[in-house]
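Asks: Contents of work.txt (compact mmCIF, C-alpha atoms) are below:
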# COMPACT_ATOMS: atom_id res chain seq x y z
CA MET V 1 87.54 -30.64 -9.06
CA VAL V 2 90.58 -29.83 -11.21
CA SER V 3 92.98 -30.84 -8.45
CA ALA V 4 91.18 -34.13 -8.05
CA VAL V 5 91.60 -34.78 -11.75
CA LYS V 6 95.32 -34.07 -11.63
CA ASP V 7 95.87 -36.36 -8.65
CA SER V 8 95.08 -39.54 -10.56
CA ARG V 9 96.11 -41.10 -13.83
CA PRO V 10 93.88 -39.93 -16.69
CA GLY V 11 91.65 -42.50 -18.30
CA TYR V 12 88.06 -43.21 -19.29
CA GLY V 13 87.15 -44.32 -15.77
CA GLN V 14 88.41 -41.09 -14.23
CA LEU V 15 86.73 -39.07 -16.98
CA LEU V 16 83.33 -40.65 -16.37
CA ARG V 17 83.66 -39.97 -12.63
CA THR V 18 83.81 -36.24 -13.32
CA PRO V 19 81.08 -34.70 -11.11
CA GLY V 20 77.93 -33.98 -13.07
CA ALA V 21 79.19 -35.53 -16.31
CA TRP V 22 76.39 -38.05 -16.68
CA THR V 23 73.73 -35.34 -16.42
CA PHE V 24 74.71 -34.10 -19.89
CA LEU V 25 76.27 -37.24 -21.39
CA LEU V 26 73.11 -39.36 -21.51
CA PRO V 27 70.78 -36.67 -22.92
CA GLY V 28 73.58 -35.57 -25.24
CA PHE V 29 73.98 -39.10 -26.58
CA LEU V 30 70.28 -39.34 -27.37
CA ALA V 31 70.16 -35.87 -28.91
CA ARG V 32 73.11 -36.42 -31.26
CA GLN V 33 71.76 -39.62 -32.83
CA PRO V 34 69.69 -37.73 -35.45
CA PHE V 35 72.81 -36.01 -36.83
CA ALA V 36 73.95 -39.33 -38.33
CA MET V 37 70.46 -40.20 -39.60
CA LEU V 38 69.59 -37.00 -41.47
CA THR V 39 71.74 -37.30 -44.60
CA ILE V 40 71.16 -40.98 -45.28
CA GLY V 41 67.45 -40.57 -44.44
CA ILE V 42 67.12 -37.80 -47.05
CA VAL V 43 69.06 -39.79 -49.65
CA LEU V 44 66.91 -42.90 -49.22
CA LEU V 45 63.59 -41.02 -49.17
CA VAL V 46 64.29 -38.77 -52.17
CA LYS V 47 65.82 -41.65 -54.14
CA SER V 48 62.65 -43.65 -53.47
CA THR V 49 60.35 -40.88 -54.66
CA THR V 50 62.41 -39.61 -57.63
CA GLY V 51 64.44 -42.66 -58.70
CA SER V 52 67.63 -40.56 -58.95
CA PHE V 53 70.71 -40.63 -56.76
CA GLY V 54 71.73 -37.33 -58.31
CA THR V 55 68.55 -35.59 -57.14
CA ALA V 56 68.79 -37.22 -53.73
CA GLY V 57 72.39 -36.03 -53.45
CA VAL V 58 71.46 -32.45 -54.37
CA VAL V 59 68.73 -32.26 -51.71
CA SER V 60 71.04 -33.83 -49.14
CA ALA V 61 73.77 -31.39 -50.14
CA ALA V 62 71.48 -28.40 -49.66
CA THR V 63 70.80 -29.59 -46.12
CA GLY V 64 74.50 -30.09 -45.39
CA VAL V 65 75.59 -26.75 -46.86
CA SER V 66 73.03 -24.80 -44.86
CA MET V 67 74.05 -26.72 -41.75
CA ALA V 68 77.71 -25.89 -42.33
CA LEU V 69 76.98 -22.19 -42.90
CA PHE V 70 74.56 -21.65 -40.02
CA ALA V 71 76.00 -23.98 -37.35
CA PRO V 72 78.94 -21.68 -36.47
CA GLN V 73 76.54 -18.77 -36.04
CA GLY V 74 74.52 -20.90 -33.65
CA GLY V 75 77.73 -21.78 -31.81
CA LYS V 76 78.61 -18.09 -31.52
CA LEU V 77 75.16 -17.34 -30.11
CA ALA V 78 75.50 -20.26 -27.66
CA ASP V 79 78.82 -18.85 -26.42
CA ARG V 80 77.19 -15.46 -25.95
CA PHE V 81 73.70 -16.26 -24.62
CA GLY V 82 73.98 -19.86 -23.40
CA GLN V 83 73.30 -23.22 -25.03
CA ARG V 84 69.69 -23.55 -23.86
CA ALA V 85 68.66 -20.24 -25.44
CA VAL V 86 69.87 -21.48 -28.84
CA LEU V 87 68.90 -25.14 -28.58
CA LEU V 88 65.20 -24.83 -27.75
CA PRO V 89 64.08 -22.83 -30.82
CA GLY V 90 66.50 -24.77 -33.02
CA VAL V 91 64.93 -28.11 -32.08
CA LEU V 92 61.42 -26.91 -32.85
CA LEU V 93 62.43 -25.38 -36.20
CA HIS V 94 64.30 -28.51 -37.22
CA VAL V 95 61.39 -30.83 -36.46
CA ALA V 96 59.09 -28.58 -38.48
CA GLY V 97 61.55 -28.58 -41.40
CA VAL V 98 61.91 -32.38 -41.44
CA THR V 99 58.13 -32.77 -41.32
CA ALA V 100 57.71 -30.44 -44.30
CA LEU V 101 60.47 -32.21 -46.24
CA ILE V 102 58.82 -35.60 -45.73
CA THR V 103 55.45 -34.23 -46.83
CA LEU V 104 56.85 -32.64 -50.00
CA ALA V 105 58.91 -35.69 -50.96
CA LEU V 106 55.95 -38.05 -50.62
CA SER V 107 53.86 -35.61 -52.63
CA HIS V 108 56.43 -35.76 -55.46
CA ALA V 109 57.05 -32.01 -55.19
CA PRO V 110 59.50 -30.44 -57.67
CA LEU V 111 63.17 -30.18 -56.84
CA TRP V 112 63.03 -26.46 -56.11
CA ALA V 113 60.42 -27.06 -53.39
CA LEU V 114 62.53 -29.78 -51.77
CA LEU V 115 65.54 -27.48 -51.81
CA ALA V 116 63.55 -24.61 -50.31
CA VAL V 117 62.70 -26.79 -47.29
CA ALA V 118 66.08 -28.52 -47.10
CA VAL V 119 67.87 -25.23 -46.38
CA PRO V 120 66.06 -24.35 -43.11
CA THR V 121 66.08 -28.02 -42.12
CA GLY V 122 69.87 -28.10 -42.27
CA ALA V 123 70.29 -24.63 -40.78
CA SER V 124 68.30 -25.59 -37.67
CA THR V 125 70.03 -28.94 -37.04
CA PRO V 126 70.93 -28.95 -33.31
CA GLN V 127 74.69 -28.98 -32.80
CA VAL V 128 74.67 -31.12 -29.67
CA GLY V 129 78.13 -32.66 -30.19
CA PRO V 130 79.95 -29.28 -30.08
CA MET V 131 77.86 -28.29 -27.07
CA VAL V 132 78.90 -31.43 -25.19
CA ARG V 133 82.55 -30.78 -26.08
CA ALA V 134 82.23 -27.21 -24.81
CA ARG V 135 80.88 -28.56 -21.51
CA TRP V 136 83.87 -30.87 -21.17
CA ALA V 137 86.25 -28.00 -21.95
CA ALA V 138 84.58 -25.78 -19.35
CA ARG V 139 85.07 -28.46 -16.69
CA LEU V 140 88.41 -29.97 -17.67
CA GLY V 141 90.29 -27.23 -19.55
CA GLY V 142 94.04 -27.34 -18.84
CA THR V 143 93.94 -30.82 -17.24
CA PRO V 144 95.36 -34.11 -18.55
CA LEU V 145 91.79 -35.37 -19.05
CA MET V 146 91.03 -33.10 -22.01
CA PRO V 147 92.60 -35.41 -24.65
CA THR V 148 90.71 -38.31 -23.05
CA ALA V 149 87.47 -36.32 -23.25
CA ALA V 150 88.16 -35.56 -26.92
CA ALA V 151 88.72 -39.26 -27.59
CA PHE V 152 85.58 -40.20 -25.67
CA GLU V 153 83.52 -37.75 -27.71
CA SER V 154 84.96 -39.11 -30.94
CA VAL V 155 84.01 -42.62 -29.85
CA THR V 156 80.52 -41.38 -29.01
CA ASP V 157 80.23 -39.68 -32.39
CA GLU V 158 81.34 -42.80 -34.21
CA PHE V 159 79.02 -45.02 -32.21
CA THR V 160 76.33 -42.61 -33.36
CA PHE V 161 77.48 -43.12 -36.96
CA VAL V 162 77.31 -46.88 -36.40
CA VAL V 163 73.79 -46.84 -34.96
CA GLY V 164 72.25 -43.92 -36.88
CA PRO V 165 72.77 -45.00 -40.52
CA VAL V 166 71.97 -48.63 -39.74
CA LEU V 167 68.76 -47.61 -37.96
CA ALA V 168 67.76 -45.14 -40.68
CA THR V 169 68.48 -47.66 -43.46
CA ALA V 170 66.58 -50.42 -41.70
CA LEU V 171 63.57 -48.18 -41.17
CA CYS V 172 63.61 -46.82 -44.75
CA THR V 173 64.03 -50.20 -46.43
CA GLY V 174 62.01 -52.34 -43.99
CA VAL V 175 59.18 -50.06 -42.86
CA HIS V 176 58.66 -47.05 -45.14
CA PRO V 177 60.98 -44.73 -47.12
CA ALA V 178 60.06 -41.85 -44.78
CA ALA V 179 60.47 -43.83 -41.55
CA GLY V 180 64.13 -42.89 -41.13
CA LEU V 181 63.40 -39.16 -41.18
CA ILE V 182 60.37 -39.59 -38.90
CA ALA V 183 62.62 -41.29 -36.33
CA GLU V 184 65.21 -38.53 -36.81
CA ALA V 185 62.64 -35.83 -35.99
CA ALA V 186 61.33 -37.72 -32.94
CA LEU V 187 64.81 -38.24 -31.52
CA THR V 188 65.71 -34.61 -32.16
CA LEU V 189 62.67 -33.42 -30.24
CA ALA V 190 63.04 -35.77 -27.26
CA GLY V 191 66.84 -35.65 -26.97
CA GLY V 192 67.16 -31.93 -27.66
CA LEU V 193 64.64 -30.95 -24.99
CA LEU V 194 66.23 -33.26 -22.42
CA PHE V 195 69.71 -31.90 -23.14
CA ALA V 196 68.52 -28.30 -22.99
CA ALA V 197 67.06 -29.00 -19.54
CA GLN V 198 70.56 -29.66 -18.13
CA ARG V 199 71.26 -26.03 -17.25
CA ARG V 200 73.83 -26.55 -14.47
CA SER V 201 76.44 -28.17 -16.69
CA GLN V 202 76.34 -25.69 -19.58
CA PRO V 203 79.31 -23.29 -19.89
CA PRO V 204 78.73 -19.74 -18.68
CA ALA V 205 77.59 -17.25 -21.29
CA HIS V 206 80.24 -14.73 -22.41
CA ARG V 207 78.22 -11.59 -23.03
CA THR V 208 80.13 -8.52 -24.17
CA GLY V 209 79.55 -5.31 -22.28
CA SER V 210 80.53 -1.80 -23.29
CA GLY V 211 83.70 -1.93 -21.22
CA ASP V 212 84.89 -5.35 -22.41
CA ARG V 213 87.48 -6.00 -25.06
CA PRO V 214 86.09 -7.01 -28.47
CA ARG V 215 84.89 -10.59 -28.77
CA VAL V 216 87.15 -13.06 -30.53
CA SER V 217 85.78 -15.02 -33.46
CA ALA V 218 87.01 -18.60 -33.66
CA LEU V 219 87.42 -18.14 -37.40
CA SER V 220 90.01 -15.41 -36.79
CA VAL V 221 92.39 -18.03 -35.35
CA PRO V 222 94.59 -19.35 -38.21
CA GLY V 223 94.79 -22.83 -36.71
CA VAL V 224 91.00 -23.15 -36.74
CA ARG V 225 90.93 -22.37 -40.45
CA VAL V 226 93.51 -25.10 -41.06
CA LEU V 227 91.47 -27.58 -39.02
CA ILE V 228 88.37 -26.65 -41.04
CA VAL V 229 90.23 -27.82 -44.16
CA ALA V 230 91.08 -31.11 -42.46
CA PHE V 231 87.54 -31.70 -41.25
CA LEU V 232 86.11 -30.77 -44.64
CA GLY V 233 88.16 -33.61 -46.11
CA ILE V 234 86.89 -36.00 -43.45
CA GLY V 235 83.34 -34.96 -44.27
CA LEU V 236 84.03 -35.85 -47.91
CA VAL V 237 84.90 -39.35 -46.72
CA PHE V 238 81.71 -39.70 -44.70
CA GLY V 239 79.45 -38.37 -47.46
CA GLY V 240 81.23 -40.24 -50.22
CA MET V 241 81.02 -43.51 -48.33
CA GLN V 242 77.32 -43.07 -47.52
CA VAL V 243 76.19 -42.40 -51.08
CA SER V 244 78.66 -44.74 -52.78
CA LEU V 245 77.88 -47.68 -50.52
CA THR V 246 74.15 -47.09 -51.09
CA ALA V 247 74.67 -46.99 -54.86
CA PHE V 248 77.01 -50.02 -54.81
CA THR V 249 74.69 -52.25 -52.79
CA GLN V 250 71.67 -51.32 -54.92
CA ASP V 251 73.67 -51.90 -58.09
CA ILE V 252 74.50 -55.47 -57.04
CA GLY V 253 70.92 -56.09 -55.91
CA ARG V 254 71.65 -56.27 -52.17
CA PRO V 255 70.42 -52.96 -50.68
CA GLY V 256 69.92 -54.51 -47.26
CA ILE V 257 73.65 -54.77 -46.58
CA ASN V 258 74.21 -51.03 -47.07
CA GLY V 259 73.76 -50.32 -43.38
CA VAL V 260 76.03 -53.22 -42.46
CA LEU V 261 78.87 -52.01 -44.68
CA TYR V 262 78.56 -48.46 -43.42
CA GLY V 263 78.38 -49.77 -39.86
CA ILE V 264 81.67 -51.64 -40.40
CA PHE V 265 83.27 -48.43 -41.66
CA ALA V 266 81.98 -46.40 -38.71
CA GLY V 267 82.81 -49.25 -36.32
CA GLY V 268 86.46 -49.05 -37.36
CA ASN V 269 86.38 -45.36 -36.57
CA MET V 270 84.89 -46.09 -33.15
CA LEU V 271 87.47 -48.76 -32.30
CA ALA V 272 90.33 -46.47 -33.28
CA GLY V 273 88.81 -43.73 -31.14
CA ILE V 274 88.77 -46.00 -28.10
CA ALA V 275 92.42 -46.89 -28.66
CA CYS V 276 93.45 -43.25 -29.14
CA GLY V 277 91.98 -42.28 -25.79
CA ALA V 278 93.87 -45.06 -24.02
CA ILE V 279 97.32 -44.37 -25.48
CA ALA V 280 99.91 -42.23 -23.68
CA TRP V 281 101.12 -40.35 -26.75
CA LYS V 282 104.80 -39.49 -27.17
CA VAL V 283 104.27 -37.74 -30.49
CA GLY V 284 103.10 -34.14 -30.81
CA PRO V 285 99.48 -33.52 -31.86
CA ARG V 286 100.40 -31.73 -35.08
CA ARG V 287 102.49 -34.65 -36.27
CA ARG V 288 99.76 -37.11 -35.26
CA LEU V 289 97.27 -35.20 -37.38
CA LEU V 290 99.53 -35.19 -40.44
CA VAL V 291 100.41 -38.89 -40.14
CA ALA V 292 96.77 -39.90 -39.60
CA TYR V 293 95.70 -37.87 -42.61
CA GLY V 294 98.34 -39.41 -44.82
CA LEU V 295 97.19 -42.90 -43.83
CA LEU V 296 93.57 -41.94 -44.44
CA THR V 297 94.38 -40.80 -47.96
CA LEU V 298 96.19 -44.06 -48.69
CA ALA V 299 93.31 -46.12 -47.27
CA THR V 300 90.74 -44.48 -49.56
CA ALA V 301 92.80 -45.09 -52.70
CA PRO V 302 91.61 -48.65 -53.59
CA LEU V 303 87.89 -48.20 -52.79
CA TRP V 304 86.77 -47.44 -56.35
CA LEU V 305 88.51 -50.53 -57.71
CA ILE V 306 86.76 -53.05 -55.44
CA SER V 307 83.81 -55.13 -56.62
CA ALA V 308 83.65 -57.84 -53.91
CA VAL V 309 81.51 -57.14 -50.84
CA PRO V 310 83.84 -58.77 -48.24
CA LEU V 311 86.88 -56.88 -49.57
CA LEU V 312 84.94 -53.62 -49.64
CA GLY V 313 83.96 -54.18 -46.02
CA ALA V 314 87.59 -54.84 -45.05
CA VAL V 315 88.92 -51.74 -46.78
CA GLY V 316 86.06 -49.68 -45.35
CA LEU V 317 87.11 -50.87 -41.90
CA VAL V 318 90.67 -49.66 -42.53
CA VAL V 319 89.37 -46.28 -43.73
CA GLY V 320 87.36 -45.98 -40.54
CA LEU V 321 90.38 -46.85 -38.41
CA CYS V 322 92.30 -43.96 -39.98
CA ILE V 323 89.66 -41.29 -39.37
CA ALA V 324 89.45 -41.25 -35.57
CA PRO V 325 93.07 -40.19 -34.85
CA ALA V 326 92.67 -37.15 -37.11
CA LEU V 327 89.32 -36.16 -35.62
CA ILE V 328 90.43 -36.59 -32.02
CA THR V 329 93.65 -34.64 -32.51
CA GLY V 330 91.79 -31.82 -34.24
CA TYR V 331 89.24 -31.48 -31.45
CA THR V 332 92.00 -31.66 -28.83
CA LEU V 333 93.90 -28.82 -30.50
CA VAL V 334 90.89 -26.51 -30.17
CA GLU V 335 91.48 -26.16 -26.42
CA THR V 336 94.96 -24.75 -26.97
CA LEU V 337 94.19 -22.78 -30.12
CA VAL V 338 90.98 -21.01 -29.11
CA PRO V 339 89.98 -18.98 -26.00
CA ALA V 340 87.10 -20.33 -23.93
CA SER V 341 84.77 -17.54 -25.04
CA ALA V 342 84.79 -18.90 -28.61
CA ARG V 343 85.13 -22.68 -28.17
CA THR V 344 81.53 -23.66 -28.91
CA GLU V 345 81.80 -21.61 -32.10
CA ALA V 346 85.10 -23.35 -32.96
CA PHE V 347 83.62 -26.80 -32.39
CA THR V 348 80.63 -25.93 -34.58
CA TRP V 349 82.93 -24.69 -37.36
CA LEU V 350 84.60 -28.10 -37.35
CA THR V 351 81.31 -29.97 -37.19
CA GLY V 352 79.97 -27.71 -39.92
CA ALA V 353 83.02 -28.46 -42.06
CA VAL V 354 82.26 -32.17 -41.75
CA ALA V 355 78.64 -31.49 -42.74
CA LEU V 356 79.74 -29.37 -45.70
CA GLY V 357 82.10 -32.11 -46.82
CA GLN V 358 79.30 -34.64 -46.52
CA ALA V 359 77.04 -32.42 -48.61
CA ALA V 360 79.62 -31.87 -51.34
CA ALA V 361 80.45 -35.57 -51.42
CA ALA V 362 76.79 -36.54 -51.57
CA THR V 363 76.32 -34.35 -54.63
CA ALA V 364 79.54 -35.39 -56.38
CA ALA V 365 79.26 -39.09 -55.58
CA GLY V 366 75.60 -39.15 -56.58
CA GLN V 367 76.35 -37.57 -59.95
CA LEU V 368 79.25 -39.93 -60.55
CA ALA V 369 77.16 -42.96 -59.60
CA ASP V 370 74.40 -41.93 -61.99
CA ARG V 371 76.73 -41.23 -64.91
CA LEU V 372 79.76 -43.51 -64.55
CA GLY V 373 78.61 -46.36 -62.34
CA ALA V 374 78.18 -47.04 -58.64
CA SER V 375 81.86 -47.56 -57.75
CA SER V 376 82.98 -44.26 -59.29
CA GLY V 377 81.55 -42.38 -56.30
CA PHE V 378 84.40 -43.76 -54.18
CA LEU V 379 86.77 -41.42 -56.02
CA VAL V 380 85.34 -38.53 -54.00
CA PRO V 381 86.89 -39.56 -50.63
CA LEU V 382 90.25 -40.10 -52.31
CA ALA V 383 90.30 -36.75 -54.09
CA GLY V 384 89.03 -34.88 -51.03
CA THR V 385 91.53 -36.27 -48.55
CA ALA V 386 94.45 -35.93 -50.97
CA LEU V 387 93.74 -32.23 -51.53
CA ALA V 388 93.20 -31.60 -47.81
CA LEU V 389 96.49 -33.36 -47.00
CA VAL V 390 98.40 -31.10 -49.38
CA LEU V 391 96.89 -28.02 -47.76
CA LEU V 392 97.57 -29.35 -44.27
CA LEU V 393 101.22 -29.89 -45.07
CA ALA V 394 101.51 -26.40 -46.54
CA LEU V 395 99.78 -24.69 -43.59
CA ARG V 396 100.98 -26.88 -40.72
CA ALA V 397 102.80 -24.01 -38.99
CA HIS V 398 99.43 -22.60 -37.93
CA LEU V 399 98.70 -25.72 -35.86
CA LEU V 400 101.19 -24.83 -33.12
CA PRO V 401 98.96 -24.48 -30.02
CA ARG V 402 98.45 -21.40 -27.94
CA SER V 403 99.94 -21.25 -24.43
CA ALA V 404 98.93 -23.85 -21.89
CA ALA V 405 96.78 -21.13 -20.30
CA PRO V 406 94.61 -20.05 -23.24
CA GLU V 407 92.82 -17.27 -21.42
CA ALA V 408 96.10 -15.41 -20.89
CA ASP V 409 96.01 -14.60 -24.60
CA SER V 410 92.27 -14.25 -25.09
CA ASP V 411 92.50 -11.32 -27.46
CA GLY V 412 93.18 -13.75 -30.30
CA ARG V 413 96.41 -12.12 -31.50
CA GLY V 414 98.18 -15.42 -31.92
CA PRO V 415 100.26 -17.94 -29.95
CA GLY V 416 101.45 -16.87 -26.54
CA PRO V 417 104.98 -16.99 -25.11
CA HIS V 418 104.53 -20.53 -23.80
CA GLN V 419 103.77 -22.00 -27.20
CA ASP V 420 106.69 -24.41 -27.11
CA ALA V 421 105.58 -25.80 -23.78
CA ALA V 422 102.14 -26.42 -25.18
CA GLU V 423 103.52 -28.29 -28.18
CA ARG V 424 105.59 -30.47 -25.85
CA GLY V 425 102.34 -31.86 -24.50
CA VAL V 426 100.89 -29.75 -21.69
CA GLY V 427 97.55 -31.36 -20.93
CA HIS V 428 98.67 -34.83 -22.12
CA ARG V 429 99.55 -37.86 -20.08
CA ALA V 430 103.21 -37.91 -20.90
CA PRO V 431 105.75 -35.55 -22.41
CA VAL V 432 105.65 -35.60 -26.17
CA SER V 433 108.32 -34.82 -28.69
CA VAL V 434 108.49 -31.37 -30.22
CA ASP V 435 106.92 -31.50 -33.67
Output the file's structure in the form of C-alpha cells.

Replies:
Amino acid sequence: MVSAVKDSRPGYGQLLRTPGAWTFLLPGFLARQPFAMLTIGIVLLVKSTTGSFGTAGVVSAATGVSMALFAPQGGKLADRFGQRAVLLPGVLLHVAGVTALITLALSHAPLWALLAVAVPTGASTPQVGPMVRARWAARLGGTPLMPTAAAFESVTDEFTFVVGPVLATALCTGVHPAAGLIAEAALTLAGGLLFAAQRRSQPPAHRTGSGDRPRVSALSVPGVRVLIVAFLGIGLVFGGMQVSLTAFTQDIGRPGINGVLYGIFAGGNMLAGIACGAIAWKVGPRRRLLVAYGLLTLATAPLWLISAVPLLGAVGLVVGLCIAPALITGYTLVETLVPASARTEAFTWLTGAVALGQAAAATAAGQLADRLGASSGFLVPLAGTALALVLLLALRAHLLPRSAAPEADSDGRGPGPHQDAAERGVGHRAPVSVD
C-alpha cells in the first residue's frame, strides 16, 4: 500500500483512495460533530437558565478543563489497549454526563452542582479526531500523503466547527435551550458506537511487556510541549470567538445571527485548510507555523474595536483563514516528533490544549462581557495568541523534527541523526528550504 502511495502524486483524490479509509472516515465524521456542539450548547443552556454569561462560561470552562486534563490519558490508554476499548465506555459515560447536566440546568440547580457534573462530562468526551489521525498515521506514516491527511483532517474539523455551532445555536434558539445538548448526546452515542465498530482500521495496541523498553510519553518530547502552547493559543481564539460573538449578537438584539457569524469564521478556517492540503510547500514546517501564528495574532487585533456586523464577519473570516495553516502544520509535525507508540496520546494532548484554551477563553470572555461590555471579550483571542507567539519564537528550536524514520529513535531521547533531512521536507511533495 505504501509503494502504491509513493508511485503517484499526492493529493486529496489519492488520499481518499487509500484502501479502507472510508470505513473510518464516515463514522469518524459523524462521531466528531458533538465536539463542536458541546461548549456552545452549554453556554446557551446555562445562560438561558441563569441569565449570566459569566456563570455559563464557568460551567463551560469546567467541561473544557476536565477534557484537556483527561483526554491525553485516554489517548495513552488507546495507544496501549486499542481505541475500541477506550471509546465504548467513554461514549456511555459522556451521554450520561450530558443528560445529568441538562436535567440540573433545567432544574435551576446551584453552580456547584453544575460544576460537579460538568467535570465528568468533559473528561469522558470521546476524542475521535485524534483517533482518526492516528489511523491515518498508522497507514501512511513516512509517505508524502501524511501532510495531505493532516490538511484533510483539519478541513474535516473545521467543517465540523461550521456545522456544529450553527446546528447547536439553531436548536437552542429555535426549539429549546436544551435541544443543542440533546442532539450532542445523540450524535455522540450513534457516531461513537459506529466508529468503535471499525476494528480493522484501528492502529495496533502497543502493550508493554516485561522485556520491552520503557514506554515513551508524548509529553516527554520537547516539541510536543511547544505545540501544546501553540494549540492552547488557538483554543483561546475558538473559545473567545464563541462567547464573544454570542454576547455581541445578543447585545445588539440579533441573537439569530450568532451561528452565521461563527460559521463564517469557521468557514474561513475550512477554506484555508483545503488550500493548505493542495499546495506543494517550499517552506519548512517550523517556519510555516511561526508565520501563520504571527498572521493570526495580527488578525485578532481589531476584533474588539468593531461594532458593525458585516465588518465583524469579514474580520472573523480573516481570523479563520489564519488558523488552519498553524493547525495543519502542528499536526503534521507530530509524525516526525513522536514515535508511533505515543501518537494517539500526542494528538489528544494537542486536542486537549485546544479544549483547555476554549475553556479559559469562555471564562475570561464571559467575565469581560458581563463587566465591560460584549466586545471586550474579543481581547481574549488577541492576548492569547500574542503570548503563545512569543513563547513559540523563544522555543522554536524544539520544533526540529525527528528523523524521517521515527521508529529508529523510539526511546524518545531526542532528534535522530537524520534530523536535517527531515526538516528539508521528507514526507512532503517537494523539497523545502531549511528553516

Asks: Quick one: residues within 7 Å of region 362-365 of chain V, all atoms listed in the file counted, chain neighbours fewer than 4 positions away excluded, as a list of chain:residue names?

Replies: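 With the cut-off at 7 Å, the set is V:Gly54, V:Gly57, V:Val58, V:Ser60, V:Ala61, V:Gly239, V:Gly240, V:Val243, V:Ser244, V:Gln358, V:Ala369, V:Gly377, V:Val380.
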
Asks: Please produce a file of the residues just selected, as a short mmCIF file (atom, residue, chain, number, x, y, z; two decimals), keeping the file's coordinate frame, where the atoms kept are C-alpha atoms.

Replies:
data_model
loop_
_atom_site.label_atom_id
_atom_site.label_comp_id
_atom_site.auth_asym_id
_atom_site.auth_seq_id
_atom_site.Cartn_x
_atom_site.Cartn_y
_atom_site.Cartn_z
CA GLY V 54 71.73 -37.33 -58.31
CA GLY V 57 72.39 -36.03 -53.45
CA VAL V 58 71.46 -32.45 -54.37
CA SER V 60 71.04 -33.83 -49.14
CA ALA V 61 73.77 -31.39 -50.14
CA GLY V 239 79.45 -38.37 -47.46
CA GLY V 240 81.23 -40.24 -50.22
CA VAL V 243 76.19 -42.40 -51.08
CA SER V 244 78.66 -44.74 -52.78
CA GLN V 358 79.30 -34.64 -46.52
CA ALA V 369 77.16 -42.96 -59.60
CA GLY V 377 81.55 -42.38 -56.30
CA VAL V 380 85.34 -38.53 -54.00
#

Asks: Could you list, as number ranges by chain, every residue within 8 Å of Val318 (chain V), counting only C-alpha atoms and ignoring same-chain residues fewer than 5 positions away?

Replies: V: 265, 268, 299

Asks: Could the residues of region 72-134 of chain V that have an atom at most 9 Å from region 185-189 of chain V be listed as JSON lines, each with its closest atom pair and the distance in Å to one decimal, counting only C-alpha atoms and ordered by chain and ascending residue number?

Replies:
{"residue": "V:Val91", "atom": "CA", "partner": "V:Leu189", "partner_atom": "CA", "distance": 6.1}
{"residue": "V:Leu92", "atom": "CA", "partner": "V:Leu189", "partner_atom": "CA", "distance": 7.1}
{"residue": "V:His94", "atom": "CA", "partner": "V:Ala185", "partner_atom": "CA", "distance": 7.6}
{"residue": "V:Val95", "atom": "CA", "partner": "V:Ala185", "partner_atom": "CA", "distance": 5.2}
{"residue": "V:Ala96", "atom": "CA", "partner": "V:Ala185", "partner_atom": "CA", "distance": 8.4}
{"residue": "V:Val98", "atom": "CA", "partner": "V:Ala185", "partner_atom": "CA", "distance": 6.5}
{"residue": "V:Thr99", "atom": "CA", "partner": "V:Ala185", "partner_atom": "CA", "distance": 7.6}
{"residue": "V:Thr125", "atom": "CA", "partner": "V:Thr188", "partner_atom": "CA", "distance": 8.6}
{"residue": "V:Pro126", "atom": "CA", "partner": "V:Thr188", "partner_atom": "CA", "distance": 7.8}

Asks: Give me a file of those residues, with C-alpha atoms, as an mmCIF file, in the coordinates of the input.

Replies:
data_model
loop_
_atom_site.group_PDB
_atom_site.id
_atom_site.type_symbol
_atom_site.label_atom_id
_atom_site.label_comp_id
_atom_site.auth_asym_id
_atom_site.auth_seq_id
_atom_site.Cartn_x
_atom_site.Cartn_y
_atom_site.Cartn_z
ATOM 1 C CA VAL V 91 64.930 -28.110 -32.080
ATOM 2 C CA LEU V 92 61.420 -26.910 -32.850
ATOM 3 C CA HIS V 94 64.300 -28.510 -37.220
ATOM 4 C CA VAL V 95 61.390 -30.830 -36.460
ATOM 5 C CA ALA V 96 59.090 -28.580 -38.480
ATOM 6 C CA VAL V 98 61.910 -32.380 -41.440
ATOM 7 C CA THR V 99 58.130 -32.770 -41.320
ATOM 8 C CA THR V 125 70.030 -28.940 -37.040
ATOM 9 C CA PRO V 126 70.930 -28.950 -33.310
#

Asks: Find the residues near Gly192 (chain V): any atom within 9 Å, counting only C-alpha atoms, skip ones fewer than 5 places away on the same chain, and give them as a list in words.

Replies: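 The contact residues come out as Pro27, Gly28, Leu30, Ala31, Arg32, Leu87, Leu88, Gly90, Val91, Pro126, Val128, Leu187 and Ala197 of chain V.
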
Asks: So how far away is CA of Leu227 (chain V) from CA of Thr329 (chain V), in Å?

Replies: 9.8 Å

Asks: Which residue gives the smallest distance to Thr63 (chain V) among V:Trp349, V:Phe35, V:Phe231, V:Phe81, with all atoms listed in the file counted?

Replies: V:Phe35

Asks: Find the distance between CA of Gly273 (chain V) and CA of Ala170 (chain V) and write it in Å to one decimal.

Replies: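 Taking CA of Gly273 (chain V) as the start and CA of Ala170 (chain V) as the end point, the length is 25.5 Å.
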
Asks: Hey, what's within 10 Å of Gly384 (chain V) if we count only C-alpha atoms and toss same-chain stuff fewer than 6 positions away? As a PDB file with C-alpha atoms, keeping the file's coordinate frame, please?

Replies:
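To be explicit, this is the file written out as selection.pdb:
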ATOM      1  CA  VAL V 229      90.230 -27.820 -44.160  1.00  0.00           C
ATOM      2  CA  ALA V 230      91.080 -31.110 -42.460  1.00  0.00           C
ATOM      3  CA  LEU V 232      86.110 -30.770 -44.640  1.00  0.00           C
ATOM      4  CA  GLY V 233      88.160 -33.610 -46.110  1.00  0.00           C
ATOM      5  CA  ILE V 234      86.890 -36.000 -43.450  1.00  0.00           C
ATOM      6  CA  GLY V 235      83.340 -34.960 -44.270  1.00  0.00           C
ATOM      7  CA  LEU V 236      84.030 -35.850 -47.910  1.00  0.00           C
ATOM      8  CA  VAL V 237      84.900 -39.350 -46.720  1.00  0.00           C
ATOM      9  CA  GLY V 240      81.230 -40.240 -50.220  1.00  0.00           C
ATOM     10  CA  THR V 297      94.380 -40.800 -47.960  1.00  0.00           C
ATOM     11  CA  THR V 300      90.740 -44.480 -49.560  1.00  0.00           C
ATOM     12  CA  GLY V 357      82.100 -32.110 -46.820  1.00  0.00           C
ATOM     13  CA  ALA V 360      79.620 -31.870 -51.340  1.00  0.00           C
ATOM     14  CA  ALA V 361      80.450 -35.570 -51.420  1.00  0.00           C
TER      15      ALA V 361
END
